[in-house]
Every structure is written in C-alpha cells, then in structure tokens.
>>> print(open('entry.tsv').read())   # TSV, C-alpha atoms and all ligand atoms
chain	number	residue	atom	x	y	z
B	269	MET	CA	-12.86	-21.88	-4.62
B	270	TYR	CA	-11.43	-22.76	-1.20
B	271	ASN	CA	-9.30	-19.61	-1.36
B	272	ALA	CA	-8.27	-17.50	1.66
B	273	ILE	CA	-11.60	-15.60	1.65
B	274	PHE	CA	-13.45	-18.92	1.68
B	275	PHE	CA	-11.68	-19.96	4.87
B	276	ILE	CA	-12.17	-16.54	6.45
B	277	ILE	CA	-15.91	-16.84	5.75
B	278	VAL	CA	-16.06	-20.34	7.25
B	279	GLY	CA	-14.00	-19.14	10.23
B	280	ILE	CA	-16.33	-16.18	10.87
B	281	LEU	CA	-19.40	-18.42	10.76
B	282	ILE	CA	-17.94	-20.98	13.16
B	283	VAL	CA	-16.47	-18.46	15.62
B	284	SER	CA	-19.68	-16.43	15.77
B	285	TYR	CA	-21.66	-19.64	16.29
B	286	ILE	CA	-19.39	-20.61	19.19
B	287	VAL	CA	-19.52	-17.13	20.75
B	288	SER	CA	-23.31	-16.95	20.63
B	289	ARG	CA	-23.75	-20.51	21.92
B	290	TYR	CA	-21.36	-19.67	24.78
B	291	LEU	CA	-23.38	-16.56	25.68
B	292	ASP	CA	-26.56	-18.67	25.59
B	293	PHE	CA	-24.91	-21.22	27.85
B	294	LEU	CA	-23.87	-18.54	30.39
B	295	ASN	CA	-27.36	-17.09	30.33
B	296	SER	CA	-28.96	-20.47	30.72
B	297	LYS	CA	-26.87	-21.27	33.81
B	298	SER	CA	-27.57	-17.82	35.17
B	299	ARG	CA	-31.29	-18.68	35.47
B	300	ASN	CA	-30.53	-20.58	38.67
B	301	LYS	CA	-28.94	-17.61	40.45
B	302	ASN	CA	-30.47	-16.09	43.59
B	303	ILE	CA	-33.10	-13.44	43.02
B	304	PRO	CA	-32.05	-9.95	44.22
B	305	GLU	CA	-33.96	-8.52	47.19
B	306	GLU	CA	-35.77	-5.85	45.09
B	307	LEU	CA	-37.26	-8.50	42.82
B	308	LYS	CA	-38.59	-10.88	45.44
B	309	GLY	CA	-42.33	-11.44	45.38
B	310	ILE	CA	-42.75	-10.89	41.62
B	311	TYR	CA	-43.30	-14.60	41.13
B	312	ASP	CA	-44.69	-17.20	43.48
B	313	GLU	CA	-42.64	-20.37	43.60
B	314	GLU	CA	-44.72	-22.28	41.08
B	315	ARG	CA	-44.72	-19.48	38.53
B	316	TYR	CA	-41.00	-18.89	38.98
B	317	GLU	CA	-40.35	-22.50	38.15
B	318	LYS	CA	-42.59	-22.09	35.11
B	319	SER	CA	-40.57	-19.04	33.98
B	320	GLN	CA	-37.36	-21.06	34.21
B	321	LYS	CA	-38.86	-23.91	32.22
B	322	TYR	CA	-40.07	-21.44	29.61
B	323	GLY	CA	-36.59	-19.94	29.28
B	324	LYS	CA	-34.99	-23.36	29.00
B	325	ALA	CA	-37.44	-24.50	26.33
B	326	LYS	CA	-36.60	-21.41	24.25
B	327	ASP	CA	-32.84	-21.89	24.78
B	328	ARG	CA	-33.10	-25.48	23.55
B	329	LEU	CA	-34.99	-24.49	20.41
B	330	SER	CA	-32.51	-21.71	19.61
B	331	PHE	CA	-29.62	-24.17	20.05
B	332	ILE	CA	-31.17	-26.67	17.65
B	333	SER	CA	-32.23	-24.13	15.01
B	334	SER	CA	-28.93	-22.22	15.00
B	335	THR	CA	-26.95	-25.47	14.74
B	336	PHE	CA	-29.16	-26.57	11.86
B	337	MET	CA	-28.70	-23.23	10.05
B	338	LEU	CA	-24.92	-23.33	10.50
B	339	ALA	CA	-24.86	-26.85	9.00
B	340	VAL	CA	-26.95	-25.73	6.01
B	341	ILE	CA	-24.74	-22.70	5.28
B	342	LEU	CA	-21.52	-24.74	5.61
B	343	PHE	CA	-22.97	-27.35	3.27
B	344	MET	CA	-23.83	-24.63	0.74
B	345	LEU	CA	-20.32	-23.17	1.02
B	346	PHE	CA	-18.41	-26.45	0.67
B	347	SER	CA	-20.61	-27.72	-2.17
B	348	GLY	CA	-20.54	-24.45	-4.13
B	349	GLY	CA	-24.34	-24.36	-3.79
B	350	PHE	CA	-24.57	-20.58	-3.88
B	351	ASN	CA	-22.92	-20.61	-7.29
B	352	TYR	CA	-25.54	-23.09	-8.59
B	353	ILE	CA	-28.31	-20.69	-7.56
B	354	LYS	CA	-26.44	-17.85	-9.27
B	355	GLU	CA	-26.10	-19.98	-12.43
B	356	PHE	CA	-29.78	-20.80	-12.31
B	357	ALA	CA	-30.73	-17.10	-12.06
B	358	ALA	CA	-28.37	-16.36	-14.97
B	359	SER	CA	-30.06	-19.06	-17.06
B	360	VAL	CA	-33.43	-17.39	-16.57
B	361	THR	CA	-32.52	-13.87	-17.67
B	362	ASP	CA	-29.70	-11.61	-18.87
B	363	ASN	CA	-31.02	-8.64	-16.94
B	364	GLU	CA	-28.70	-8.07	-13.98
B	365	ILE	CA	-31.35	-6.55	-11.75
B	366	LEU	CA	-33.68	-9.50	-12.30
B	367	ARG	CA	-30.83	-11.95	-11.71
B	368	ALA	CA	-30.10	-10.37	-8.32
B	369	LEU	CA	-33.82	-10.41	-7.45
B	370	ILE	CA	-34.13	-14.10	-8.37
B	371	PHE	CA	-30.93	-15.03	-6.52
B	372	PHE	CA	-31.79	-13.30	-3.24
B	373	GLY	CA	-35.49	-14.15	-3.59
B	374	ILE	CA	-34.62	-17.86	-3.71
B	375	LEU	CA	-32.15	-17.63	-0.82
B	376	ILE	CA	-34.49	-15.76	1.48
B	377	LEU	CA	-37.59	-17.76	0.62
B	378	VAL	CA	-35.86	-21.14	0.92
B	379	SER	CA	-34.16	-20.26	4.20
B	380	ASP	CA	-37.50	-19.12	5.60
B	381	ILE	CA	-39.21	-22.31	4.43
B	382	ILE	CA	-36.60	-24.68	5.85
B	383	THR	CA	-36.82	-22.91	9.22
B	384	LEU	CA	-40.64	-23.03	9.22
B	385	PRO	CA	-40.72	-26.13	11.47
B	386	PHE	CA	-38.79	-24.19	14.13
B	387	GLN	CA	-41.08	-21.17	13.83
B	388	TRP	CA	-44.07	-23.47	14.05
B	389	TYR	CA	-42.68	-25.28	17.10
B	390	SER	CA	-41.98	-21.96	18.82
B	391	VAL	CA	-45.57	-20.72	18.40
B	392	PHE	CA	-47.70	-23.86	18.55
B	393	VAL	CA	-45.67	-25.89	21.04
B	394	ILE	CA	-43.65	-23.60	23.34
B	395	GLU	CA	-45.82	-20.45	23.41
B	396	GLU	CA	-48.93	-22.66	23.46
B	397	LYS	CA	-47.70	-24.78	26.36
B	398	PHE	CA	-46.91	-21.72	28.49
B	399	GLY	CA	-50.27	-20.11	27.78
B	400	PHE	CA	-49.10	-17.26	25.53
B	401	ASN	CA	-50.21	-18.33	22.09
B	402	LYS	CA	-53.45	-16.86	20.75
B	403	MET	CA	-52.58	-17.41	17.10
B	404	THR	CA	-54.64	-19.72	14.94
B	405	VAL	CA	-53.10	-21.77	12.14
B	406	LYS	CA	-54.90	-19.47	9.71
B	407	THR	CA	-53.29	-16.34	11.22
B	408	PHE	CA	-49.90	-18.06	11.14
B	409	ILE	CA	-50.25	-18.83	7.44
B	410	THR	CA	-51.70	-15.46	6.39
B	411	ASP	CA	-48.99	-13.66	8.44
B	412	LYS	CA	-46.37	-15.64	6.53
B	413	LEU	CA	-47.87	-14.82	3.14
B	414	LYS	CA	-48.27	-11.14	3.99
B	415	SER	CA	-44.73	-10.83	5.29
B	416	TRP	CA	-43.35	-12.51	2.17
B	417	LEU	CA	-45.34	-10.12	0.03
B	418	ALA	CA	-44.41	-6.98	1.97
B	419	GLY	CA	-40.78	-8.10	2.36
B	420	GLY	CA	-40.62	-8.99	-1.34
B	421	ILE	CA	-41.89	-5.59	-2.42
B	422	ILE	CA	-39.77	-3.52	-0.04
B	423	GLY	CA	-36.63	-5.67	-0.34
B	424	GLY	CA	-37.13	-5.96	-4.09
B	425	ILE	CA	-37.32	-2.18	-4.61
B	426	LEU	CA	-34.24	-1.54	-2.45
B	427	LEU	CA	-32.18	-4.29	-4.06
B	428	SER	CA	-33.15	-3.15	-7.56
B	429	ALA	CA	-32.11	0.41	-6.71
B	430	VAL	CA	-28.74	-0.72	-5.34
B	431	VAL	CA	-28.00	-2.91	-8.40
B	432	TRP	CA	-29.12	-0.15	-10.75
B	433	PHE	CA	-26.78	2.38	-9.11
B	434	TYR	CA	-24.01	-0.22	-9.20
B	435	LEU	CA	-24.46	-0.69	-12.95
B	436	LYS	CA	-24.95	2.96	-13.87
B	437	THR	CA	-22.96	5.22	-11.57
B	438	GLY	CA	-19.52	3.60	-11.28
B	439	ASN	CA	-17.45	4.82	-8.34
B	440	MET	CA	-20.26	6.99	-7.02
B	441	PHE	CA	-22.56	4.00	-6.61
B	442	TRP	CA	-22.10	3.62	-2.87
B	443	ILE	CA	-23.12	7.26	-2.27
B	444	TYR	CA	-26.31	6.98	-4.34
B	445	ALA	CA	-27.17	3.65	-2.73
B	446	TRP	CA	-26.53	5.13	0.69
B	447	ILE	CA	-28.68	8.20	0.05
B	448	SER	CA	-31.60	6.20	-1.32
B	449	VAL	CA	-31.55	3.62	1.47
B	450	SER	CA	-31.35	6.44	4.04
B	451	LEU	CA	-34.28	8.33	2.52
B	452	PHE	CA	-36.22	5.10	2.47
B	453	SER	CA	-35.53	4.42	6.15
B	454	VAL	CA	-36.76	7.91	7.09
B	455	PHE	CA	-39.88	7.32	4.98
B	456	MET	CA	-40.49	3.93	6.61
B	457	SER	CA	-40.07	5.21	10.15
B	458	MET	CA	-42.66	7.89	9.39
B	459	PHE	CA	-45.20	5.69	7.63
B	460	TYR	CA	-44.60	2.33	9.32
B	461	SER	CA	-47.80	2.73	11.36
B	462	ASN	CA	-49.84	3.58	8.27
B	463	LEU	CA	-48.40	1.11	5.77
B	464	ILE	CA	-47.05	-1.96	7.57
B	465	VAL	CA	-48.89	-2.31	10.88
B	466	PRO	CA	-52.40	-2.36	9.28
B	467	LEU	CA	-51.38	-5.44	7.26
B	468	PHE	CA	-51.21	-7.39	10.50
B	469	ASN	CA	-53.13	-5.51	13.19
B	470	LYS	CA	-55.99	-3.15	13.91
B	471	GLN	CA	-55.12	0.14	15.57
B	472	THR	CA	-57.90	2.19	17.11
B	473	PRO	CA	-57.87	5.51	18.94
B	474	LEU	CA	-58.35	5.17	22.68
B	475	GLU	CA	-62.04	4.85	23.59
B	476	PRO	CA	-63.65	7.50	25.82
B	477	GLY	CA	-63.88	6.50	29.48
B	478	GLU	CA	-62.01	6.52	32.77
B	479	LEU	CA	-58.70	5.43	31.20
B	480	ARG	CA	-58.84	8.02	28.43
B	481	ASP	CA	-59.63	10.76	30.96
B	482	ALA	CA	-56.69	9.78	33.16
B	483	ILE	CA	-54.42	9.58	30.13
B	484	LYS	CA	-55.60	12.91	28.79
B	485	GLU	CA	-55.00	14.62	32.09
B	486	PHE	CA	-51.47	13.27	32.15
B	487	SER	CA	-50.57	13.75	28.50
B	488	ASP	CA	-51.76	17.39	28.60
B	489	LYS	CA	-49.38	17.93	31.50
B	490	ALA	CA	-46.50	16.21	29.70
B	491	GLY	CA	-47.16	17.96	26.38
B	492	PHE	CA	-48.34	15.06	24.21
B	493	LYS	CA	-51.60	15.07	22.25
B	494	PRO	CA	-53.95	12.25	23.27
B	495	LYS	CA	-55.12	11.88	19.66
B	496	ASN	CA	-51.72	10.32	18.94
B	497	ILE	CA	-52.39	7.44	21.33
B	498	TYR	CA	-53.67	4.17	19.83
B	499	VAL	CA	-54.65	0.74	21.04
B	500	ILE	CA	-53.51	-2.29	19.03
B	501	ASP	CA	-55.08	-5.78	19.05
B	502	GLY	CA	-51.95	-7.63	20.19
B	503	SER	CA	-54.23	-10.25	21.82
B	504	LYS	CA	-54.86	-11.63	18.32
B	505	ARG	CA	-51.45	-13.34	18.50
B	506	SER	CA	-50.11	-13.42	22.02
B	507	ALA	CA	-51.13	-12.92	25.63
B	508	LYS	CA	-47.91	-10.98	26.20
B	509	ALA	CA	-48.27	-7.25	26.78
B	510	ASN	CA	-46.29	-4.31	25.42
B	511	ALA	CA	-46.29	-0.63	24.41
B	512	TYR	CA	-44.13	1.40	22.03
B	513	PHE	CA	-43.50	4.83	20.54
B	514	SER	CA	-43.01	5.22	16.79
B	515	GLY	CA	-42.88	7.78	14.01
B	516	LEU	CA	-41.50	11.24	13.44
B	517	GLY	CA	-43.02	14.73	13.40
B	518	HIS	CA	-46.78	14.72	12.95
B	519	LYS	CA	-46.65	10.95	12.28
B	520	LYS	CA	-45.64	10.20	15.87
B	521	ARG	CA	-47.78	7.83	17.91
B	522	ILE	CA	-47.82	5.84	21.10
B	523	VAL	CA	-49.26	2.37	20.73
B	524	LEU	CA	-50.60	0.43	23.70
B	525	TYR	CA	-51.37	-3.30	23.39
B	526	ASP	CA	-54.91	-4.25	24.40
B	527	THR	CA	-53.30	-6.90	26.61
B	528	LEU	CA	-51.42	-4.15	28.49
B	529	ILE	CA	-54.68	-2.30	29.11
B	530	ASN	CA	-56.29	-5.47	30.45
B	531	ASP	CA	-53.44	-6.44	32.76
B	532	LEU	CA	-52.39	-3.10	34.27
B	533	THR	CA	-54.23	-0.64	36.52
B	534	THR	CA	-54.99	2.87	35.26
B	535	ASP	CA	-52.10	4.33	37.29
B	536	GLU	CA	-49.69	1.79	35.85
B	537	ILE	CA	-50.86	2.43	32.28
B	538	VAL	CA	-50.39	6.17	32.76
B	539	ALA	CA	-46.86	5.47	34.04
B	540	VAL	CA	-46.05	3.32	30.99
B	541	LEU	CA	-47.42	6.11	28.82
B	542	ALA	CA	-45.17	8.60	30.63
B	543	HIS	CA	-42.19	6.39	29.74
B	544	GLU	CA	-43.23	6.35	26.05
B	545	ILE	CA	-43.72	10.13	26.04
B	546	GLY	CA	-40.17	10.28	27.43
B	547	HIS	CA	-38.92	8.55	24.26
B	548	TYR	CA	-40.68	11.22	22.21
B	549	LYS	CA	-39.47	14.18	24.29
B	550	LYS	CA	-35.88	12.96	24.27
B	551	LYS	CA	-35.99	12.55	20.45
B	552	HIS	CA	-34.94	8.89	20.55
B	553	VAL	CA	-36.46	8.01	17.18
B	554	ALA	CA	-34.52	10.78	15.43
B	555	ILE	CA	-31.29	9.76	17.18
B	556	ASN	CA	-31.80	6.15	16.06
B	557	ILE	CA	-32.37	7.22	12.46
B	558	VAL	CA	-29.20	9.34	12.42
B	559	SER	CA	-27.14	6.48	13.80
B	560	SER	CA	-28.58	4.00	11.32
B	561	VAL	CA	-27.79	6.41	8.46
B	562	ILE	CA	-24.16	6.63	9.66
B	563	GLN	CA	-23.98	2.83	9.92
B	564	SER	CA	-25.30	2.23	6.44
B	565	GLY	CA	-22.82	4.81	5.06
B	566	ILE	CA	-19.94	2.84	6.59
B	567	MET	CA	-21.38	-0.41	5.28
B	568	PHE	CA	-21.90	0.79	1.69
B	569	TYR	CA	-18.41	2.29	1.60
B	570	ILE	CA	-16.75	-0.97	2.69
B	571	PHE	CA	-18.97	-2.86	0.25
B	572	PHE	CA	-17.85	-0.52	-2.53
B	573	LEU	CA	-14.20	-1.26	-1.71
B	574	LEU	CA	-14.76	-5.01	-1.93
B	575	VAL	CA	-17.54	-5.58	-4.45
B	576	ASN	CA	-15.37	-5.91	-7.54
B	577	SER	CA	-12.79	-8.20	-6.03
B	578	LYS	CA	-12.61	-11.53	-7.80
B	579	GLU	CA	-11.85	-13.37	-4.54
B	580	LEU	CA	-15.32	-12.75	-3.08
B	581	SER	CA	-17.12	-14.46	-5.95
B	582	ALA	CA	-14.42	-17.11	-6.18
B	583	ALA	CA	-14.89	-17.97	-2.50
B	584	LEU	CA	-18.51	-18.86	-3.29
B	585	GLY	CA	-17.52	-21.00	-6.26
B	586	SER	CA	-17.73	-18.67	-9.25
B	587	ASP	CA	-14.95	-18.14	-11.82
B	588	ASP	CA	-16.10	-14.65	-12.74
B	589	ILE	CA	-17.07	-11.59	-10.75
B	590	SER	CA	-20.72	-11.72	-9.74
B	591	PHE	CA	-22.57	-8.91	-7.97
B	592	GLU	CA	-24.91	-11.31	-6.17
B	593	LEU	CA	-22.17	-13.59	-4.86
B	594	GLY	CA	-20.04	-10.56	-3.96
B	595	LEU	CA	-22.91	-9.11	-1.94
B	596	LEU	CA	-23.58	-12.41	-0.18
B	597	ALA	CA	-19.90	-12.99	0.67
B	598	PHE	CA	-19.66	-9.40	1.84
B	599	GLY	CA	-22.71	-9.94	4.07
B	600	ILE	CA	-20.93	-12.76	5.91
B	601	LEU	CA	-17.54	-10.99	6.05
B	602	TYR	CA	-19.26	-7.90	7.43
B	603	SER	CA	-21.21	-9.79	10.10
B	604	PRO	CA	-18.58	-9.37	12.87
B	605	ILE	CA	-18.67	-5.60	12.27
B	606	SER	CA	-22.46	-5.56	12.22
B	607	GLY	CA	-22.43	-7.63	15.43
B	608	ILE	CA	-20.28	-4.98	17.09
B	609	ILE	CA	-22.52	-2.22	15.73
B	610	SER	CA	-25.65	-3.90	17.05
B	611	MET	CA	-23.97	-4.23	20.44
B	612	LEU	CA	-23.25	-0.49	20.38
B	613	MET	CA	-26.87	0.17	19.35
B	614	ASN	CA	-28.05	-1.89	22.31
B	615	ILE	CA	-25.90	0.23	24.64
B	616	LEU	CA	-27.52	3.35	23.16
B	617	SER	CA	-30.98	1.83	23.39
B	618	ARG	CA	-30.52	0.88	27.06
B	619	ARG	CA	-29.41	4.44	27.77
B	620	HIS	CA	-32.59	5.67	26.07
B	621	GLU	CA	-34.68	3.38	28.27
B	622	PHE	CA	-33.07	4.83	31.40
B	623	GLU	CA	-33.79	8.35	30.09
B	624	ALA	CA	-37.44	7.51	29.38
B	625	ASP	CA	-37.77	6.00	32.87
B	626	ALA	CA	-36.19	9.13	34.38
B	627	PHE	CA	-38.67	11.26	32.43
B	628	ALA	CA	-41.57	9.27	33.91
B	629	CYS	CA	-40.04	9.65	37.39
B	630	LYS	CA	-39.88	13.41	36.96
B	631	PHE	CA	-43.65	13.35	36.57
B	632	GLY	CA	-44.03	11.34	39.77
B	633	GLN	CA	-44.72	8.07	37.95
B	634	ALA	CA	-41.93	5.96	39.49
B	635	ASN	CA	-44.15	3.78	41.68
B	636	GLY	CA	-46.67	3.14	38.93
B	637	LEU	CA	-43.92	2.28	36.45
B	638	ILE	CA	-42.13	-0.04	38.87
B	639	SER	CA	-45.29	-1.95	39.71
B	640	GLY	CA	-46.35	-2.00	36.04
B	641	LEU	CA	-42.98	-3.37	34.93
B	642	LYS	CA	-43.05	-6.00	37.67
B	643	LYS	CA	-46.48	-7.12	36.52
B	644	LEU	CA	-45.38	-7.29	32.86
B	645	THR	CA	-42.29	-9.28	33.85
B	646	ALA	CA	-44.36	-11.83	35.75
B	647	LYS	CA	-46.99	-11.99	33.02
B	648	ASN	CA	-44.39	-12.48	30.25
B	649	LEU	CA	-42.41	-15.05	32.32
B	650	SER	CA	-39.28	-12.93	31.82
B	651	ASN	CA	-35.88	-13.89	33.14
B	652	LEU	CA	-35.10	-12.12	36.46
B	653	THR	CA	-31.39	-13.01	36.48
B	654	PRO	CA	-29.97	-12.84	32.94
B	655	HIS	CA	-26.18	-13.12	32.67
B	656	PRO	CA	-24.45	-9.67	32.52
B	657	ALA	CA	-22.50	-10.62	29.36
B	658	TYR	CA	-25.71	-11.71	27.65
B	659	VAL	CA	-27.40	-8.46	28.68
B	660	PHE	CA	-24.44	-6.47	27.38
B	661	PHE	CA	-24.56	-8.07	23.92
B	662	TYR	CA	-28.25	-8.61	23.31
B	663	TYR	CA	-30.53	-6.62	25.62
B	664	SER	CA	-32.13	-3.52	24.08
B	665	HIS	CA	-33.64	-2.77	27.51
B	666	PRO	CA	-31.86	-2.70	30.87
B	667	THR	CA	-32.84	-5.56	33.19
B	668	LEU	CA	-35.79	-5.02	35.51
B	669	TYR	CA	-33.39	-4.93	38.46
B	670	GLN	CA	-31.28	-2.16	36.86
B	671	ARG	CA	-34.37	-0.14	35.98
B	672	ILE	CA	-35.86	-0.37	39.46
B	673	LYS	CA	-32.54	0.56	41.06
B	674	ALA	CA	-32.14	3.59	38.75
B	675	MET	CA	-35.70	4.77	39.41
B	676	LYS	CA	-35.31	4.44	43.17
B	677	ASN	CA	-32.13	6.56	42.88
B	678	GLU	CA	-34.00	9.08	40.78
B	679	GLN	CA	-36.73	9.26	43.40
B	680	GLY	CA	-34.13	9.79	46.14
B	681	ASN	CA	-32.84	12.92	44.40
Y	701	ZN	ZN	-38.89	2.28	26.31
>>> encode(input="entry.tsv", output="structure tokens")
Amino acid sequence: MYNAIFFIIVGILIVSYIVSRYLDFLNSKSRNKNIPEELKGIYDEERYEKSQKYGKAKDRLSFISSTFMLAVILFMLFSGGFNYIKEFAASVTDNEILRALIFFGILILVSDIITLPFQWYSVFVIEEKFGFNKMTVKTFITDKLKSWLAGGIIGGILLSAVVWFYLKTGNMFWIYAWISVSLFSVFMSMFYSNLIVPLFNKQTPLEPGELRDAIKEFSDKAGFKPKNIYVIDGSKRSAKANAYFSGLGHKKRIVLYDTLINDLTTDEIVAVLAHEIGHYKKKHVAINIVSSVIQSGIMFYIFFLLVNSKELSAALGSDDISFELGLLAFGILYSPISGIISMLMNILSRRHEFEADAFACKFGQANGLISGLKKLTAKNLSNLTPHPAYVFFYYSHPTLYQRIKAMKNEQGN
C-alpha cells in the first residue's frame, strides 16, 4: 500500500477534479457575457435571468456532489476500504466470477445510494423550482429500481464474460473480451428501442393528422419511411423537449418527444425531423459504433498489459493479485485517457450535428430549424454563452450560435 501507483491514482483523481472544477468555474463566469446579435430576442429579460439562475443552481449542485464523491474515494483509498470489500466478497464465495460480481455490485450500488440525495435534490428541488419536473416520487423510485435491475443484468453478464475469458483464455483474453463487448454493443444499439426504452417510456407510432401528413410528405422526399417515426411520452418526467435518431438497419427509428410536438409548429417539427434523417443518411450511428469498437480494443489491450501486475492490487491495499482490485485501479489510471477519448468523441459528435443541420438546409429547412432550435433553447433555459473551453471538452452539440451561423452560411451558398 501507498506505493507509487497509489500516489499516481490519488494524483489523477485530484488533478482531474481541479481541471473539471476550473472548467465549471470558467463556464459559470461566462454566463454573464454579452449575448451575440444573432441570439437576441430568444429570451425576454425576466426569462434570461431565470436561465442564469437555473445554470447557477446546477453548477452549485455539481460542485457539492463532485467534491463529496472525491472525498469518499480518497477516504476509501487511504483507509484500504476497497480491499475490505474485496475480502468480504472472497469470504462469501470461492467462485471468481461471483466474487467480481459481488465486489462491483456493492461498489456501484453503494455509490448510487450515497449520491441519491443529490439526484433527489436535482429533480425535486432544482428541476421542480424551474418548472421542468413532471416526475412523481413513485416514478423516481420505480425508475431507480428498474435501472438497477437492467444495469445489474447487462453489467453482470458483461462482467461475467470478461472474468470468464480472463480465467480461461490466458493471453488471448483481451481479444475475446473485446469481441464479445463489441458484439454486445452492436446488439444493444439495434435493440435499445425494443428492450430498454419500453422499461421507462411508451413509444407510439405517429397518429394520423395534419402533422403526420406534413411529415410523410417530407420524409418521402428525403427517403425515410414514416413508419419508423415514433412519439415518446417524455412529458412523464420532464417538460424539456427533445428528439433523437437510433438503431441500425431495419431497426432504425426517429423518436420525437411529445413535448417537442406540443411546443413546436408543424414546420419546425418537420425541420427537426430533417435534421434527424440527416443523422441516418450520413450513417452517424454506424460511425459511432466503429469508433467505440476501436476504443474498447485499445482499452482491453492496455488492461491486459496491466492486469497481472502486483502493484495495482497493492495500491488498493491487497497483498496478492486480485482481478477486481486490478480492474478498479486500472479504471482510475485509465480515466485521463478515457477523458481525452470522450473529448475526441465530442468533436466527432459536433461535426455530425453540423452535417445533420446541413442536410436539413439542403432540403430548405434552415429557417424552420433555426426557429425550432431557438424555441427549444428558450424552453429548456439553455446557456446562450457557454465558455469555449467548456464547449470543447463537454459539448456533444455545437452551441446554438455556432449552429445558426453555419446554417446561415449554408443558406448563402
Ligand atoms: Zn442531432
């Protein structure tokens, strides 16, 4: 214990805490910047003030909860607490797969339970106060139970497979683990809408009427079948509005939130739909899957290089090599790399958003999309002036300002 790896782990946790708090601080200050000309008129003065208060309330909560989590993890590290949990799992069973399941099951469940007050505060105090929350206490609790169950089954199967390959296939283990996790991620991206979404929401095909007619006319033109368009009851949890594209091959679908349909005009909804069809036409889902397969290959290979080193387990307080502790220590050591990868993925994702916008523009939907996005921004109390560094690290979508500018350029051509 307290070896070099131990101090590297502590260093990584503290430095990444400081970096993310600094980015939050920059972003928080950036809320008071002047609004660019193109974005004036989205909010009236009162609502703009409300959006700033909303942002600040969320910043404060994220500061408190991340500081709390850092303190808990440091306490666990310095006290050798992770080793106690490992010892406990070992006292229950000799089976290595079950030990890993118990170890990570306890860690994940306990960390979710101790952060419950923050999750609760976010929904029932902040979202409630700003008029977004539609969730009842009952939905909150059943959501929790369902996500534990679904997460337990999916995570449990994947973890068991990885441990099994580790025990049985020696040096080839990282390749088998990589292949099975990759196959699983392709399977999940195909069947996500059929298996996971129905646990939480109702999806219904678009009802006949003026909207469906307008959508059909457009989607025929753009080459997308209207039977793949669904409406989801997002209003069960939040007043915020959204839309997304998911799935591969014949499992593809565009999902519109019922809140989006209520808030936007028919022209604006068609423009949002055009953007989502753009994601489909430009094969963004497939590109994301390929890049996540490459990432997990890199990750499993580095894990394979490190997993049997005594120092990893020793850093978490164990005298002998333990798969669970090795995996946990690896997870923290790898986090700077995964931070960089997620930053790269955000760059890719923002490029995809520009491409989907450009696709909508090509079909003459620029004005509808711009006014739709403005409405969504105002409705969701989004930040008009996020800090560029914060956008660079965290934003999966370009800012509203960047999107409007790009679409106006597109229109000019
Ligand atoms: Zn998009």
>>> residues_near_ligand(input="entry.tsv", ligand="ligand ZN 701 (chain Y)", cutoff="8 Å", atoms="only C-alpha atoms and all ligand atoms", output="PDB file with C-alpha atoms, in the frame of the given file")
ATOM      1  CA  TYR B 512     -44.130   1.400  22.030  1.00  0.00           C
ATOM      2  CA  PHE B 513     -43.500   4.830  20.540  1.00  0.00           C
ATOM      3  CA  HIS B 543     -42.190   6.390  29.740  1.00  0.00           C
ATOM      4  CA  GLU B 544     -43.230   6.350  26.050  1.00  0.00           C
ATOM      5  CA  HIS B 547     -38.920   8.550  24.260  1.00  0.00           C
ATOM      6  CA  HIS B 620     -32.590   5.670  26.070  1.00  0.00           C
ATOM      7  CA  GLU B 621     -34.680   3.380  28.270  1.00  0.00           C
ATOM      8  CA  ALA B 624     -37.440   7.510  29.380  1.00  0.00           C
ATOM      9  CA  ASP B 625     -37.770   6.000  32.870  1.00  0.00           C
ATOM     10  CA  HIS B 665     -33.640  -2.770  27.510  1.00  0.00           C
TER      11      HIS B 665
END
>>> atom_distance(input="entry.tsv", atom1="CA of Ser284 in chain B", atom2="CA of Ile605 in chain B")
11.4 Å
>>> atom_distance(input="entry.tsv", atom1="CA of Asn401 in chain B", atom2="CA of Arg505 in chain B")
6.3 Å
>>> closest_residue(input="entry.tsv", among="B:Ser450, B:Asp481, B:Ile529, B:Asp327", to="Ser288 in chain B", atoms="only C-alpha atoms")
B:Asp327
>>> atom_distance(input="entry.tsv", atom1="CA of Asp292 in chain B", atom2="CA of Leu338 in chain B")
15.9 Å
>>> residues_around(input="entry.tsv", residues="range 458-470 of chain B", least_positions_apart="4", cutoff="10 Å", atoms="all atoms listed in the file", output="number ranges by chain")
B: 407, 410-411, 414-415, 418, 452-454, 498-505, 514-521, 523, 553
>>> residues_around(input="entry.tsv", residues="Pro656 in chain B", least_positions_apart="3", cutoff="12 Å", atoms="only C-alpha atoms", output="ChimeraX atom specification")
/B:291-292,294-299,652-653,659-663,666-667,669-670
>>> closest_residue(input="entry.tsv", among="B:Phe356, B:Tyr525, B:Phe392, B:Phe572", to="Phe433 in chain B", atoms="all atoms listed in the file")
B:Phe572
>>> residues_around(input="entry.tsv", residues="Lys647 in chain B", least_positions_apart="2", cutoff="9 Å", atoms="only C-alpha atoms", output="ChimeraX atom specification")
/B:507-509,531,642-645,649-650
>>> decode(input="entry.tsv", residues="range 387-399 of chain B", atoms="N, CA and C atoms", output="tab-separated table (two decimals), in the first residue's frame")
chain	number	residue	atom	x	y	z
B	387	GLN	N	-29.23	13.36	-6.41
B	387	GLN	CA	-30.15	13.09	-7.52
B	387	GLN	C	-31.55	13.61	-7.17
B	388	TRP	N	-31.94	13.35	-5.93
B	388	TRP	CA	-33.24	13.79	-5.45
B	388	TRP	C	-33.36	15.32	-5.51
B	389	TYR	N	-32.31	15.98	-4.99
B	389	TYR	CA	-32.30	17.45	-4.96
B	389	TYR	C	-32.39	18.01	-6.38
B	390	SER	N	-31.67	17.38	-7.31
B	390	SER	CA	-31.67	17.85	-8.69
B	390	SER	C	-33.09	17.80	-9.29
B	391	VAL	N	-33.80	16.69	-9.04
B	391	VAL	CA	-35.13	16.54	-9.65
B	391	VAL	C	-36.19	17.33	-8.88
B	392	PHE	N	-36.25	17.09	-7.55
B	392	PHE	CA	-37.40	17.61	-6.79
B	392	PHE	C	-37.18	19.01	-6.22
B	393	VAL	N	-35.96	19.53	-6.30
B	393	VAL	CA	-35.76	20.91	-5.88
B	393	VAL	C	-35.43	21.79	-7.10
B	394	ILE	N	-34.33	21.50	-7.81
B	394	ILE	CA	-33.94	22.40	-8.90
B	394	ILE	C	-34.92	22.32	-10.08
B	395	GLU	N	-35.08	21.12	-10.65
B	395	GLU	CA	-35.97	20.99	-11.82
B	395	GLU	C	-37.40	21.44	-11.47
B	396	GLU	N	-37.81	21.12	-10.24
B	396	GLU	CA	-39.15	21.49	-9.77
B	396	GLU	C	-39.30	23.02	-9.73
B	397	LYS	N	-38.30	23.66	-9.13
B	397	LYS	CA	-38.36	25.10	-8.94
B	397	LYS	C	-38.42	25.85	-10.28
B	398	PHE	N	-37.73	25.30	-11.30
B	398	PHE	CA	-37.71	25.99	-12.58
B	398	PHE	C	-38.78	25.47	-13.54
B	399	GLY	N	-39.71	24.69	-13.00
B	399	GLY	CA	-40.89	24.31	-13.77
B	399	GLY	C	-40.69	23.16	-14.74
